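What's in protein36.cif: mmCIF, C-alpha atoms and all ligand atoms
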```
data_query
loop_
_atom_site.label_atom_id
_atom_site.label_comp_id
_atom_site.auth_asym_id
_atom_site.auth_seq_id
_atom_site.Cartn_x
_atom_site.Cartn_y
_atom_site.Cartn_z
CA MET A 1 11.38 7.98 8.99
CA ALA A 2 14.36 5.74 8.52
CA ASP A 3 17.33 5.39 6.20
CA PRO A 4 18.05 2.34 4.03
CA GLY A 5 19.87 -0.18 6.23
CA ASP A 6 18.26 1.01 9.45
CA THR A 7 16.77 -1.34 12.01
CA ILE A 8 13.36 -0.14 13.17
CA ASP A 9 12.38 -1.31 16.66
CA VAL A 10 8.76 -0.90 17.71
CA TYR A 11 7.46 -1.63 21.18
CA LEU A 12 3.73 -2.19 20.85
CA ILE A 13 1.53 -2.02 23.95
CA ASN A 14 -2.10 -2.91 23.42
CA GLU A 15 -4.14 -0.66 25.75
CA LEU A 16 -7.43 -1.24 24.00
CA PRO A 17 -10.09 -2.56 26.40
CA ALA A 18 -10.21 -6.31 26.91
CA LEU A 19 -12.78 -7.94 24.65
CA HIS A 20 -13.16 -11.66 25.00
CA ASP A 21 -13.99 -12.25 21.38
CA ASP A 22 -10.75 -13.71 20.03
CA CYS A 23 -11.81 -17.31 20.11
CA THR A 24 -13.91 -18.43 17.22
CA ASP A 25 -14.55 -21.43 15.06
CA ASN A 26 -14.88 -19.12 12.08
CA HIS A 27 -11.67 -17.22 11.44
CA ASN A 28 -13.17 -15.61 8.38
CA ALA A 29 -15.67 -13.54 10.32
CA PHE A 30 -14.95 -10.32 12.20
CA HIS A 31 -13.47 -11.31 15.55
CA GLY A 32 -10.84 -10.24 18.07
CA GLN A 33 -11.74 -6.62 17.43
CA ASN A 34 -9.33 -5.27 20.07
CA THR A 35 -6.55 -7.73 19.30
CA THR A 36 -3.88 -6.25 17.06
CA ASN A 37 -0.42 -6.53 15.52
CA LEU A 38 1.78 -4.58 13.11
CA HIS A 39 2.50 -4.86 9.39
CA THR A 40 5.05 -2.76 7.49
CA HIS A 41 3.29 -2.43 4.15
CA GLY A 42 5.72 -2.51 1.23
CA LEU A 43 8.92 -3.00 3.21
CA HIS A 44 11.29 -5.73 2.07
CA VAL A 45 11.87 -7.23 5.52
CA SER A 46 11.62 -10.65 7.15
CA PRO A 47 8.06 -12.00 7.59
CA THR A 48 9.01 -14.18 10.57
CA THR A 49 9.85 -14.21 14.24
CA TYR A 50 13.57 -14.04 15.04
CA SER A 51 15.05 -17.36 16.13
CA SER A 52 15.80 -15.88 19.56
CA GLY A 53 12.04 -15.44 20.01
CA ARG A 54 12.59 -11.95 21.42
CA PHE A 55 11.30 -10.03 18.42
CA ASP A 56 8.77 -10.46 15.69
CA ALA A 57 9.53 -8.98 12.30
CA ASP A 58 6.76 -8.42 9.73
CA ASN A 59 4.89 -11.44 11.07
CA VAL A 60 1.13 -10.96 10.78
CA PHE A 61 0.54 -14.39 12.31
CA VAL A 62 1.00 -12.96 15.79
CA SER A 63 -1.87 -11.49 17.79
CA VAL A 64 -1.26 -8.98 20.58
CA VAL A 65 -4.26 -9.31 22.92
CA PRO A 66 -5.42 -6.34 25.04
CA LYS A 67 -4.34 -5.74 28.61
CA GLY A 68 -6.53 -7.57 31.06
CA GLN A 69 -7.57 -10.15 28.54
CA VAL A 70 -7.62 -13.82 29.42
CA VAL A 71 -8.25 -16.06 26.43
CA PRO A 72 -9.17 -19.66 27.23
CA CYS A 73 -9.36 -20.46 23.52
CA ALA A 74 -9.04 -24.18 23.98
CA GLU A 75 -12.46 -24.17 25.66
CA VAL A 76 -14.05 -22.25 22.83
CA SER A 77 -12.53 -23.43 19.58
CA GLU A 78 -10.16 -26.05 18.30
CA LYS A 79 -7.26 -23.85 17.43
CA SER A 80 -6.06 -20.32 16.99
CA LEU A 81 -4.46 -19.61 13.62
CA ASN A 82 -2.25 -16.92 15.15
CA THR A 83 0.31 -17.07 17.94
CA LEU A 84 -0.77 -15.01 20.94
CA ARG A 85 1.36 -12.31 22.50
CA TRP A 86 0.27 -11.04 25.87
CA HIS A 87 -0.57 -7.33 25.98
CA GLN A 88 2.68 -6.09 24.51
CA ASN A 89 5.19 -7.09 21.89
CA LYS A 90 8.55 -6.16 20.45
CA PHE A 91 8.83 -5.83 16.68
CA ARG A 92 12.13 -5.44 14.86
CA PHE A 93 12.30 -4.57 11.17
CA GLU A 94 15.78 -4.82 9.64
CA THR A 95 15.96 -3.08 6.28
CA GLY A 96 18.91 -3.91 4.07
CA ALA A 97 21.43 -1.32 2.90
CA ASP A 98 19.97 -1.76 -0.61
CA HIS A 99 16.37 -1.25 0.53
CA PRO A 100 14.47 1.08 -1.83
CA SER A 101 13.80 4.59 -0.61
CA GLY A 102 10.20 5.66 -0.66
CA THR A 103 6.74 6.05 0.79
CA PHE A 104 5.65 2.98 2.70
CA TRP A 105 3.22 2.67 5.60
CA TYR A 106 2.35 0.58 8.64
CA HIS A 107 -0.99 -0.66 9.85
CA ALA A 108 -2.68 -3.24 12.01
CA HIS A 109 -3.08 -6.59 10.22
CA LYS A 110 -4.69 -9.06 12.62
CA HIS A 111 -6.98 -11.25 10.53
CA GLY A 112 -10.55 -10.58 11.67
CA SER A 113 -9.96 -7.03 12.89
CA THR A 114 -7.83 -5.48 10.14
CA CYS A 115 -10.67 -3.56 8.52
CA GLN A 116 -12.07 -2.09 11.71
CA GLN A 117 -8.67 -1.14 13.13
CA VAL A 118 -7.32 0.50 9.97
CA ALA A 119 -10.65 2.32 9.64
CA ALA A 120 -10.05 3.51 13.22
CA ARG A 121 -6.70 4.90 11.99
CA LEU A 122 -4.31 2.31 13.46
CA ALA A 123 -2.02 3.21 10.58
CA GLY A 124 0.68 5.70 9.70
CA PRO A 125 3.35 6.59 7.15
CA LEU A 126 6.72 4.83 7.10
CA ILE A 127 9.19 6.74 4.98
CA ILE A 128 12.56 5.38 3.87
CA ARG A 129 14.58 8.49 3.08
CA ASP A 130 16.26 9.05 -0.25
CA ARG A 131 19.96 8.34 -0.38
CA PRO A 132 21.83 11.66 -0.55
CA GLY A 133 22.53 12.80 -4.09
CA VAL A 134 20.29 10.28 -5.82
CA MET A 135 17.16 12.35 -6.43
CA PRO A 136 17.35 15.40 -8.74
CA ASN A 137 17.88 18.64 -6.87
CA TYR A 138 14.36 20.03 -7.43
CA ILE A 139 12.91 16.95 -5.70
CA ALA A 140 15.54 16.68 -2.97
CA ARG A 141 15.00 20.32 -1.98
CA ALA A 142 11.20 20.34 -2.13
CA SER A 143 9.35 20.54 1.17
CA GLU A 144 7.26 17.46 1.85
CA LYS A 145 3.68 16.78 2.82
CA ILE A 146 2.51 13.30 3.81
CA LEU A 147 -1.21 12.94 3.11
CA MET A 148 -3.24 9.90 4.11
CA VAL A 149 -6.59 9.31 2.45
CA MET A 150 -8.64 7.90 5.32
CA ASN A 151 -12.31 7.24 5.81
CA GLN A 152 -12.49 10.29 8.08
CA GLY A 153 -11.11 12.51 5.33
CA LEU A 154 -7.72 13.57 4.09
CA VAL A 155 -5.14 13.63 6.90
CA LEU A 156 -2.00 15.76 6.74
CA THR A 157 0.27 13.80 9.03
CA ASP A 158 2.48 15.43 11.62
CA PRO A 159 5.95 13.83 11.96
CA ALA A 160 5.52 14.17 15.74
CA GLY A 161 2.32 12.08 15.61
CA GLY A 162 -1.30 12.62 14.70
CA GLY A 163 -2.38 14.95 11.96
CA ILE A 164 -4.86 17.50 10.67
CA VAL A 165 -8.04 16.30 8.95
CA ASP A 166 -8.92 18.11 5.72
CA PRO A 167 -6.11 20.68 5.90
CA THR A 168 -5.50 23.61 3.60
CA ILE A 169 -2.07 23.51 1.98
CA ARG A 170 -0.66 27.00 1.51
CA MET A 171 1.77 27.52 -1.35
CA HIS A 172 3.46 30.46 -3.04
CA PRO A 173 3.48 30.98 -6.81
CA GLY A 174 6.46 29.04 -8.15
CA GLU A 175 6.71 26.85 -5.06
CA VAL A 176 7.54 23.15 -5.46
CA GLN A 177 6.37 20.51 -2.97
CA ARG A 178 6.56 16.75 -2.79
CA TRP A 179 3.33 15.12 -1.76
CA ARG A 180 3.43 11.57 -0.51
CA ILE A 181 -0.15 10.29 -0.72
CA ILE A 182 -1.18 7.05 0.99
CA ASN A 183 -4.57 5.47 0.35
CA ALA A 184 -5.25 4.15 3.86
CA GLN A 185 -9.02 3.79 3.56
CA ALA A 186 -10.51 0.63 4.98
CA ILE A 187 -14.29 0.97 4.78
CA GLY A 188 -16.22 0.44 1.59
CA ASN A 189 -14.43 -0.43 -1.59
CA SER A 190 -11.90 2.21 -0.62
CA PHE A 191 -10.36 3.05 -3.98
CA ALA A 192 -9.34 6.69 -4.36
CA TYR A 193 -9.19 8.70 -7.49
CA LEU A 194 -7.62 12.14 -7.64
CA ARG A 195 -9.00 14.55 -10.21
CA THR A 196 -5.75 16.28 -11.11
CA ASN A 197 -6.44 18.58 -14.04
CA VAL A 198 -5.97 21.84 -12.15
CA ARG A 199 -4.65 24.68 -14.30
CA GLU A 200 -2.57 26.40 -11.60
CA LEU A 201 -0.72 23.22 -10.71
CA GLU A 202 1.83 21.13 -12.56
CA ILE A 203 1.80 17.57 -11.24
CA TYR A 204 4.22 14.77 -11.99
CA GLN A 205 4.16 11.31 -10.50
CA ILE A 206 7.65 10.47 -9.20
CA ALA A 207 6.90 7.22 -7.36
CA PHE A 208 4.23 4.56 -7.09
CA ASP A 209 4.02 2.36 -3.99
CA GLY A 210 7.19 4.11 -2.86
CA LEU A 211 9.20 2.94 -5.86
CA THR A 212 10.78 5.50 -8.17
CA PRO A 213 10.37 4.97 -11.93
CA HIS A 214 13.00 5.88 -14.54
CA ARG A 215 10.93 8.81 -15.78
CA ARG A 216 8.48 11.11 -14.07
CA ILE A 217 4.95 10.95 -15.47
CA ARG A 218 2.85 14.02 -16.07
CA VAL A 219 -0.59 13.45 -14.59
CA ASP A 220 -2.40 16.75 -15.14
CA GLN A 221 -3.27 15.96 -18.72
CA GLY A 222 -6.99 16.41 -18.35
CA ASN A 223 -7.86 12.89 -19.48
CA ASP A 224 -9.03 11.99 -16.02
CA ASP A 225 -12.00 9.75 -16.72
CA GLU A 226 -10.02 6.52 -16.95
CA PRO A 227 -9.86 4.66 -13.65
CA TRP A 228 -6.62 2.92 -14.63
CA LEU A 229 -4.73 6.21 -14.90
CA ASN A 230 -1.81 6.95 -12.64
CA SER A 231 -3.80 8.95 -10.15
CA ALA A 232 -6.14 6.09 -9.25
CA LEU A 233 -5.10 4.37 -6.05
CA ALA A 234 -6.30 0.98 -4.90
CA PRO A 235 -6.50 0.70 -1.11
CA GLY A 236 -2.91 0.32 0.10
CA ASN A 237 -1.37 2.12 -2.90
CA ARG A 238 0.80 5.19 -2.53
CA THR A 239 1.72 7.82 -5.07
CA ASP A 240 4.38 10.51 -4.78
CA PHE A 241 3.74 13.70 -6.68
CA ILE A 242 6.11 16.56 -7.30
CA VAL A 243 3.86 19.59 -7.68
CA ARG A 244 4.59 23.16 -8.71
CA ILE A 245 2.33 26.17 -8.61
CA ARG A 246 2.80 27.95 -11.91
CA PRO A 247 5.07 30.95 -11.28
CA ASP A 248 2.49 33.30 -12.84
CA ALA A 249 -0.40 31.99 -10.72
CA LYS A 250 -2.53 34.66 -9.05
CA ASP A 251 -3.77 34.46 -5.48
CA SER A 252 -6.36 31.72 -5.57
CA SER A 253 -7.89 28.74 -3.80
CA PHE A 254 -8.75 25.44 -5.40
CA SER A 255 -8.96 21.79 -4.53
CA ILE A 256 -8.16 18.38 -5.92
CA PRO A 257 -11.18 16.15 -5.35
CA VAL A 258 -10.51 12.71 -3.93
CA ILE A 259 -13.27 10.47 -5.20
CA ARG A 260 -14.29 7.00 -4.16
CA GLU A 261 -14.28 6.09 -7.80
CA VAL A 262 -15.38 2.49 -7.52
CA ARG A 263 -18.33 3.32 -5.32
CA GLU A 264 -19.43 5.81 -7.92
CA ALA A 265 -18.81 3.34 -10.72
CA LEU A 266 -20.98 0.80 -8.97
CA GLY A 267 -23.75 3.37 -8.70
CA LEU A 268 -23.71 3.34 -4.91
CA SER A 269 -25.20 6.41 -3.35
CA GLY A 270 -23.43 8.50 -0.75
CA ALA A 271 -19.98 8.34 -2.33
CA ILE A 272 -17.89 10.39 0.07
CA ALA A 273 -15.36 12.69 -1.52
CA SER A 274 -12.65 14.47 0.40
CA GLU A 275 -10.34 16.96 -1.22
CA ILE A 276 -6.85 18.39 -1.18
CA LYS A 277 -7.41 22.12 -0.57
CA ILE A 278 -4.73 24.47 -1.82
CA GLU A 279 -4.44 28.20 -1.23
CA VAL A 280 -1.99 30.17 -3.37
CA ALA A 281 -0.78 33.46 -1.91
CA GLY A 282 2.35 35.42 -1.07
CA LYS A 283 5.35 36.51 -3.05
CA PRO A 284 6.53 34.31 -5.91
CA LEU A 285 9.30 31.82 -5.10
CA SER A 286 11.94 30.61 -7.51
CA SER A 287 12.09 27.03 -6.21
CA PRO A 288 14.44 24.74 -8.15
CA TRP A 289 12.66 23.05 -11.05
CA SER A 290 13.59 20.95 -14.06
CA ASP A 291 12.11 20.14 -17.43
CA ASP A 292 14.07 16.88 -17.50
CA ASP A 293 11.82 13.87 -16.89
CA VAL A 294 14.65 11.46 -15.97
CA LEU A 295 14.52 9.86 -12.51
CA PRO A 296 16.95 7.40 -10.91
CA GLY A 297 14.60 4.35 -10.97
CA PRO A 298 13.71 2.05 -8.10
CA GLY A 299 17.11 0.42 -7.63
CA LEU A 300 15.58 -2.97 -8.48
CA GLU A 301 16.98 -5.17 -11.22
CA PRO A 302 14.56 -5.47 -14.16
CA ILE A 303 13.08 -8.94 -14.56
CA ALA A 304 13.84 -10.18 -18.06
CA GLU A 305 13.77 -13.92 -17.49
CA VAL A 306 11.22 -15.83 -15.47
CA SER A 307 11.34 -19.44 -14.44
CA PRO A 308 8.98 -21.67 -16.44
CA PHE A 309 6.95 -22.00 -13.27
CA ARG A 310 3.90 -19.83 -13.61
CA ARG A 311 1.07 -19.54 -11.14
CA GLU A 312 -2.56 -18.72 -11.76
CA ILE A 313 -4.57 -17.35 -8.85
CA MET A 314 -8.30 -16.64 -8.92
CA PHE A 315 -10.12 -14.08 -6.82
CA SER A 316 -13.42 -15.91 -6.60
CA PRO A 317 -16.88 -15.03 -5.24
CA GLN A 318 -17.75 -14.95 -1.53
CA PHE A 319 -14.38 -13.49 -0.54
CA ARG A 320 -12.38 -16.53 -1.56
CA ILE A 321 -9.17 -17.15 -3.43
CA ASP A 322 -9.14 -20.22 -5.68
CA GLY A 323 -12.56 -21.03 -4.27
CA GLN A 324 -11.33 -21.30 -0.69
CA ALA A 325 -11.48 -18.99 2.29
CA TYR A 326 -8.30 -18.44 4.34
CA ASP A 327 -7.42 -21.49 6.41
CA GLY A 328 -3.88 -20.90 7.66
CA GLU A 329 -2.41 -23.56 5.35
CA VAL A 330 0.38 -22.91 2.84
CA LYS A 331 -1.10 -22.72 -0.69
CA HIS A 332 2.06 -21.81 -2.61
CA SER A 333 5.53 -23.05 -1.73
CA ILE A 334 8.24 -21.06 -3.46
CA PRO A 335 11.99 -21.64 -3.43
CA LEU A 336 14.06 -18.71 -2.17
CA GLY A 337 15.48 -16.76 -5.08
CA ALA A 338 12.79 -17.86 -7.54
CA THR A 339 11.62 -15.46 -10.22
CA GLU A 340 8.02 -16.18 -11.13
CA GLU A 341 5.20 -14.95 -13.31
CA TRP A 342 1.77 -14.86 -11.73
CA THR A 343 -1.58 -14.13 -13.28
CA ILE A 344 -4.21 -12.95 -10.83
CA HIS A 345 -7.69 -13.53 -12.26
CA ASN A 346 -10.88 -12.03 -10.93
CA SER A 347 -14.18 -13.83 -11.48
CA THR A 348 -16.17 -12.01 -8.80
CA GLY A 349 -17.84 -9.35 -10.90
CA GLY A 350 -16.31 -6.55 -8.80
CA VAL A 351 -12.88 -4.94 -8.55
CA HIS A 352 -10.44 -6.24 -5.92
CA ALA A 353 -6.93 -5.23 -4.85
CA PHE A 354 -4.12 -7.81 -4.90
CA HIS A 355 -1.37 -7.27 -2.30
CA ILE A 356 1.59 -9.44 -1.42
CA HIS A 357 3.88 -8.94 1.55
CA VAL A 358 7.70 -8.74 1.54
CA ASN A 359 8.49 -8.51 -2.22
CA PRO A 360 7.17 -5.97 -4.75
CA PHE A 361 6.11 -7.06 -8.24
CA PHE A 362 6.30 -5.69 -11.77
CA VAL A 363 3.03 -5.56 -13.71
CA THR A 364 3.35 -6.62 -17.36
CA HIS A 365 -0.23 -7.34 -18.53
CA ILE A 366 -3.74 -6.15 -17.73
CA ASN A 367 -6.57 -8.39 -18.95
CA GLY A 368 -4.00 -10.46 -20.84
CA ILE A 369 -2.87 -7.52 -22.95
CA GLU A 370 0.81 -6.73 -22.61
CA LEU A 371 1.57 -3.19 -21.46
CA THR A 372 3.92 -1.47 -23.87
CA GLU A 373 7.39 -0.46 -22.73
CA TYR A 374 6.39 3.13 -22.04
CA ASP A 375 2.95 2.50 -20.58
CA PRO A 376 2.92 4.20 -17.15
CA LEU A 377 1.11 1.20 -15.70
CA ARG A 378 4.04 -1.11 -16.57
CA ARG A 379 5.69 -0.57 -13.22
CA TRP A 380 6.77 -1.89 -9.85
CA GLN A 381 4.17 -1.89 -7.09
CA ASP A 382 3.07 -3.98 -4.11
CA THR A 383 -0.69 -3.58 -4.44
CA SER A 384 -2.74 -3.58 -7.64
CA ALA A 385 -6.37 -3.36 -8.56
CA VAL A 386 -7.51 -6.47 -10.40
CA PRO A 387 -10.21 -5.51 -12.88
CA SER A 388 -13.51 -7.16 -13.46
CA ASN A 389 -14.90 -7.08 -16.97
CA ASP A 390 -18.47 -7.04 -18.20
CA ASP A 391 -17.81 -10.06 -20.38
CA GLY A 392 -15.87 -12.23 -17.96
CA PRO A 393 -12.98 -12.43 -15.50
CA GLY A 394 -10.34 -9.69 -15.53
CA SER A 395 -6.68 -10.21 -14.73
CA ILE A 396 -3.28 -8.74 -14.11
CA THR A 397 -0.01 -10.52 -14.86
CA LEU A 398 3.08 -9.74 -12.84
CA ARG A 399 6.67 -10.80 -12.38
CA THR A 400 8.32 -10.99 -9.00
CA ARG A 401 11.37 -12.31 -7.22
CA PHE A 402 11.28 -14.04 -3.86
CA GLU A 403 14.48 -12.62 -2.48
CA THR A 404 16.41 -12.48 0.80
CA PHE A 405 13.79 -13.84 3.19
CA THR A 406 12.32 -17.26 3.83
CA GLY A 407 9.16 -17.84 5.82
CA LYS A 408 5.40 -17.73 5.64
CA PHE A 409 3.48 -14.63 4.68
CA VAL A 410 0.29 -13.72 2.88
CA ILE A 411 -1.31 -12.53 -0.30
CA HIS A 412 -4.72 -10.95 0.12
CA CYS A 413 -7.27 -8.49 -1.13
CA HIS A 414 -6.48 -5.02 0.26
CA ILE A 415 -10.15 -4.14 0.47
CA LEU A 416 -9.62 -5.04 4.10
CA ARG A 417 -13.15 -6.18 4.80
CA HIS A 418 -12.62 -8.80 2.11
CA GLU A 419 -9.37 -9.89 3.77
CA ASP A 420 -11.08 -10.28 7.15
CA LEU A 421 -13.84 -12.32 5.51
CA GLY A 422 -11.36 -14.79 4.01
CA MET A 423 -9.85 -13.35 0.81
CA MET A 424 -6.32 -14.26 1.86
CA GLN A 425 -3.85 -17.08 1.19
CA MET A 426 -0.67 -18.14 2.93
CA VAL A 427 2.51 -18.59 0.88
CA GLU A 428 5.87 -19.88 2.04
CA VAL A 429 9.34 -19.16 0.73
CA THR A 430 11.64 -22.04 1.53
CA GLY A 431 15.42 -21.96 1.61
CU CU B 1 -11.56 -7.73 -2.44
#
```

Show me, as structure tokens, the structure contained in the file I just sent.
Amino acid sequence: MADPGDTIDVYLINELPALHDDCTDNHNAFHGQNTTNLHTHGLHVSPTTYSSGRFDADNVFVSVVPKGQVVPCAEVSEKSLNTLRWHQNKFRFETGADHPSGTFWYHAHKHGSTCQQVAARLAGPLIIRDRPGVMPNYIARASEKILMVMNQGLVLTDPAGGGIVDPTIRMHPGEVQRWRIINAQAIGNSFAYLRTNVRELEIYQIAFDGLTPHRRIRVDQGNDDEPWLNSALAPGNRTDFIVRIRPDAKDSSFSIPVIREVREALGLSGAIASEIKIEVAGKPLSSPWSDDDVLPGPGLEPIAEVSPFRREIMFSPQFRIDGQAYDGEVKHSIPLGATEEWTIHNSTGGVHAFHIHVNPFFVTHINGIELTEYDPLRRWQDTSAVPSNDDGPGSITLRTRFETFTGKFVIHCHILRHEDLGMMQMVEVTG
């Protein structure tokens, strides 16, 4: 946990066993399985290495090789796309005083081993605390649970480290809790869909990808068959719920199923569902509550005007973007401070998950159809499913600003296997 404006220093020591598999002529195959690094997903921080060279910020182009590893790459392949760090590394993440509060997360992001390492739970929550007095009282005073949807099940994280797999959450009638839910799955298509129409529970979404909207959104409406609803999370997405057990609820146990919706939609067998188990018991509590839907918003300026420069990006078959697998070359050069509109198309026939580092984006269109002002999907986020349609490519259109930080970083599919196999592009913001 950190406050807006904090500097987060992380000393990473790679004690995984040495595996001499870093060097490869094909960077878009699984390789360097025990070589790692660190990405702060959703944070608005520098993507570079500090000019002193002593610290890396959110730079996924560094590789921290395991202890004991000797990598004579020059003898094996022409070049390494990443800069090697030997066995340990210092990361420094400087958040600005105006950094949004919210639910973010960190995970390994070394191209070629991202999928395997995140699946092995090299990931955790990264919470930027609310500024005092900004959130309504009933949210500020609610006790919090951080839940990570992982391939091993649902993990209730412990602030001291680790967590409990498939926990039971005990609540009193009338109790209010804030659940921060992170979809950290890395195997399979890894979408998660929460079936939220539970009678005993009132559920409102109060943030998506950490960012607070201007109004809370009721999500227990019962119309839960639409994968684009608020409770569907692409891999990498987070949702914050404020939940209340109805004050008149009797002692009971129930669960919210977490469904690998896309696997089911594709007709794949063995869709693994975990669940959020809730047990209601004890004397009723009169936790603070409100019927007012107003929230403070994300603290980001709305984007009304965009530069005439618009980009079109295509998720294309065989884990490519614009027909090309990742090659470590800059594909989009963007001036610092630019406000742009991007349309991400998807011609692959399957759903993918667009993610960009450093700056969040505001989604305005899905499949070319403008989202109305009050559509809950017209929102800020840093990761978004990009649909595929029966009759042709799907798309999302977004607006974003390239603020504060120059440097190279990436856009990629957050189905992490796809990223490792090449569905990634480098962009550069130039000042
Ligand atoms: Cu993908």

Which residues come within 8 Å of range 280-286 of chain A, counting all atoms listed in the file, excluding same-chain residues fewer than 6 positions away, as a list in words? Arg170, Met171, His172, Pro173, Gly174, Glu175, Ile245, Pro247, Ala249, Lys250, Asp251, Ser252 and Ser253 of chain A

For chain A versus ligand CU 1 (chain B), which residues have an atom no more than 6 Å away, and what is each residue's nearest atom pair and distance in Å rounded to one decimal, using all atoms listed in the file, chain-then-number order, as a tab-separated table?
```
residue	atom	partner	partner_atom	distance
A:His352	CA	B:CU1	CU	3.9
A:Ala353	CA	B:CU1	CU	5.8
A:Cys413	CA	B:CU1	CU	4.5
A:Ile415	CA	B:CU1	CU	4.8
A:His418	CA	B:CU1	CU	4.8
```

Next, the residues of the selection above should be written as an mmCIF file, in the frame of the given file with C-alpha atoms.
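Dumped everything to part-v6.cif:
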```
data_model
loop_
_atom_site.group_PDB
_atom_site.id
_atom_site.type_symbol
_atom_site.label_atom_id
_atom_site.label_comp_id
_atom_site.auth_asym_id
_atom_site.auth_seq_id
_atom_site.Cartn_x
_atom_site.Cartn_y
_atom_site.Cartn_z
ATOM 1 C CA HIS A 352 -10.440 -6.240 -5.920
ATOM 2 C CA ALA A 353 -6.930 -5.230 -4.850
ATOM 3 C CA CYS A 413 -7.270 -8.490 -1.130
ATOM 4 C CA ILE A 415 -10.150 -4.140 0.470
ATOM 5 C CA HIS A 418 -12.620 -8.800 2.110
#
```

Find the residue from A:Ile334, A:Ile276, A:Ala186, A:Ala234 that sits nearest to Asp209 in chain A; use all atoms listed in the file when measuring.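 The answer is A:Ala234, which sits nearest to Asp209 in chain A.
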
For the atom pair CA of Phe409 in chain A and CA of Val60 in chain A, what is the interatomic distance in Å to one decimal place?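 Taking CA of Phe409 in chain A and CA of Val60 in chain A, their separation equals 7.5 Å.
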
Find the residues around range 325-333 of chain A up to 10 Å (all atoms listed in the file counted), leave out those fewer than 4 positions away in its own chain, and share them as an MDAnalysis selection string. chainID A and resid 26:28 61 80:82 111 311 316 318:321 407:410 412 419:430

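Shell of Asp391 in chain A at 12 Å, with only C-alpha atoms counted and residues fewer than 6 places along the chain excluded, is Asn346, Ser347, Thr348, Gly349 and Asn367 of chain A.
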
With distances taken over only C-alpha atoms, which residue among A:Val351, A:Ala338, A:Val294, A:Leu43 lies nearest Thr95 in chain A?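 Selected residue with least distance to Thr95 in chain A: A:Leu43.
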
Leaving out His41 in chain A and any residue of its chain fewer than 4 positions from it, which residues lie within 12 Å of it when counting only C-alpha atoms, given as a compact mmCIF listing (two decimals) with C-alpha atoms, keeping the file's coordinate frame?
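New file selection_38.txt:
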```txt
# COMPACT_ATOMS: atom_id res chain seq x y z
CA VAL A 45 11.87 -7.23 5.52
CA PRO A 47 8.06 -12.00 7.59
CA ASP A 58 6.76 -8.42 9.73
CA ASN A 59 4.89 -11.44 11.07
CA VAL A 60 1.13 -10.96 10.78
CA PHE A 93 12.30 -4.57 11.17
CA GLY A 102 10.20 5.66 -0.66
CA THR A 103 6.74 6.05 0.79
CA PHE A 104 5.65 2.98 2.70
CA TRP A 105 3.22 2.67 5.60
CA TYR A 106 2.35 0.58 8.64
CA HIS A 107 -0.99 -0.66 9.85
CA ALA A 108 -2.68 -3.24 12.01
CA HIS A 109 -3.08 -6.59 10.22
CA ALA A 123 -2.02 3.21 10.58
CA GLY A 124 0.68 5.70 9.70
CA PRO A 125 3.35 6.59 7.15
CA LEU A 126 6.72 4.83 7.10
CA ILE A 127 9.19 6.74 4.98
CA ILE A 182 -1.18 7.05 0.99
CA ASN A 183 -4.57 5.47 0.35
CA ALA A 184 -5.25 4.15 3.86
CA ASP A 209 4.02 2.36 -3.99
CA GLY A 210 7.19 4.11 -2.86
CA PRO A 235 -6.50 0.70 -1.11
CA GLY A 236 -2.91 0.32 0.10
CA ASN A 237 -1.37 2.12 -2.90
CA ARG A 238 0.80 5.19 -2.53
CA HIS A 355 -1.37 -7.27 -2.30
CA ILE A 356 1.59 -9.44 -1.42
CA HIS A 357 3.88 -8.94 1.55
CA VAL A 358 7.70 -8.74 1.54
CA ASN A 359 8.49 -8.51 -2.22
CA PRO A 360 7.17 -5.97 -4.75
CA GLN A 381 4.17 -1.89 -7.09
CA ASP A 382 3.07 -3.98 -4.11
CA THR A 383 -0.69 -3.58 -4.44
CA VAL A 410 0.29 -13.72 2.88
CA ILE A 411 -1.31 -12.53 -0.30
CA HIS A 414 -6.48 -5.02 0.26
```

Neighbouring residues of His99 in chain A were defined as those with any atom within 7 Å, considering all atoms listed in the file; residues of the same chain fewer than 6 positions away were excluded. Please report them as a PDB file with C-alpha atoms, in the coordinates of the input.
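Output below, filename result21.pdb:
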```
ATOM      1  CA  PRO A   4      18.050   2.340   4.030  1.00  0.00           C
ATOM      2  CA  GLY A   5      19.870  -0.180   6.230  1.00  0.00           C
ATOM      3  CA  HIS A  44      11.290  -5.730   2.070  1.00  0.00           C
TER       4      HIS A  44
END
```

Go through A:Met148, A:Ala18, A:Val165, A:Ala29 and flag the residue nearest Gly112 in chain A, using all atoms listed in the file for the distances.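 Nearest candidate to Gly112 in chain A out of A:Met148, A:Ala18, A:Val165, A:Ala29: A:Ala29.
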
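Put simply, CA of Gln177 in chain A is 5.8 Å away from CA of Glu144 in chain A.
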
To one decimal in Å, tell me the separation between CA of Glu373 in chain A and CA of Arg401 in chain A.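 One can read the CA of Glu373 in chain A to CA of Arg401 in chain A distance as 19.9 Å.
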
Within 12 Å of file point (17.8, -9.2, -11.8), counting all atoms listed in the file, expressed as a list in words: Gly299, Leu300, Glu301, Pro302, Ile303, Ala304, Glu305, Val306, Gly337, Ala338, Thr339, Arg399, Thr400, Arg401, Phe402 and Glu403 of chain A

Just checking: using all atoms listed in the file, which residue out of A:Leu16, A:Leu38, A:Ala385, A:Val70 ends up closest to Gly350 in chain A? A:Ala385

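Remark: for Ala207 in chain A, the closest of the candidate residues A:Val258, A:Leu295, A:Ile8, A:Ile369 is A:Leu295 (distances computed over all atoms listed in the file).
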
In file coordinates, which residues lie within 6 Å of (2.7, 11.4, -11.6) using only C-alpha atoms, given as a PyMOL selection string? chain A and resi 204-206+217-219+241
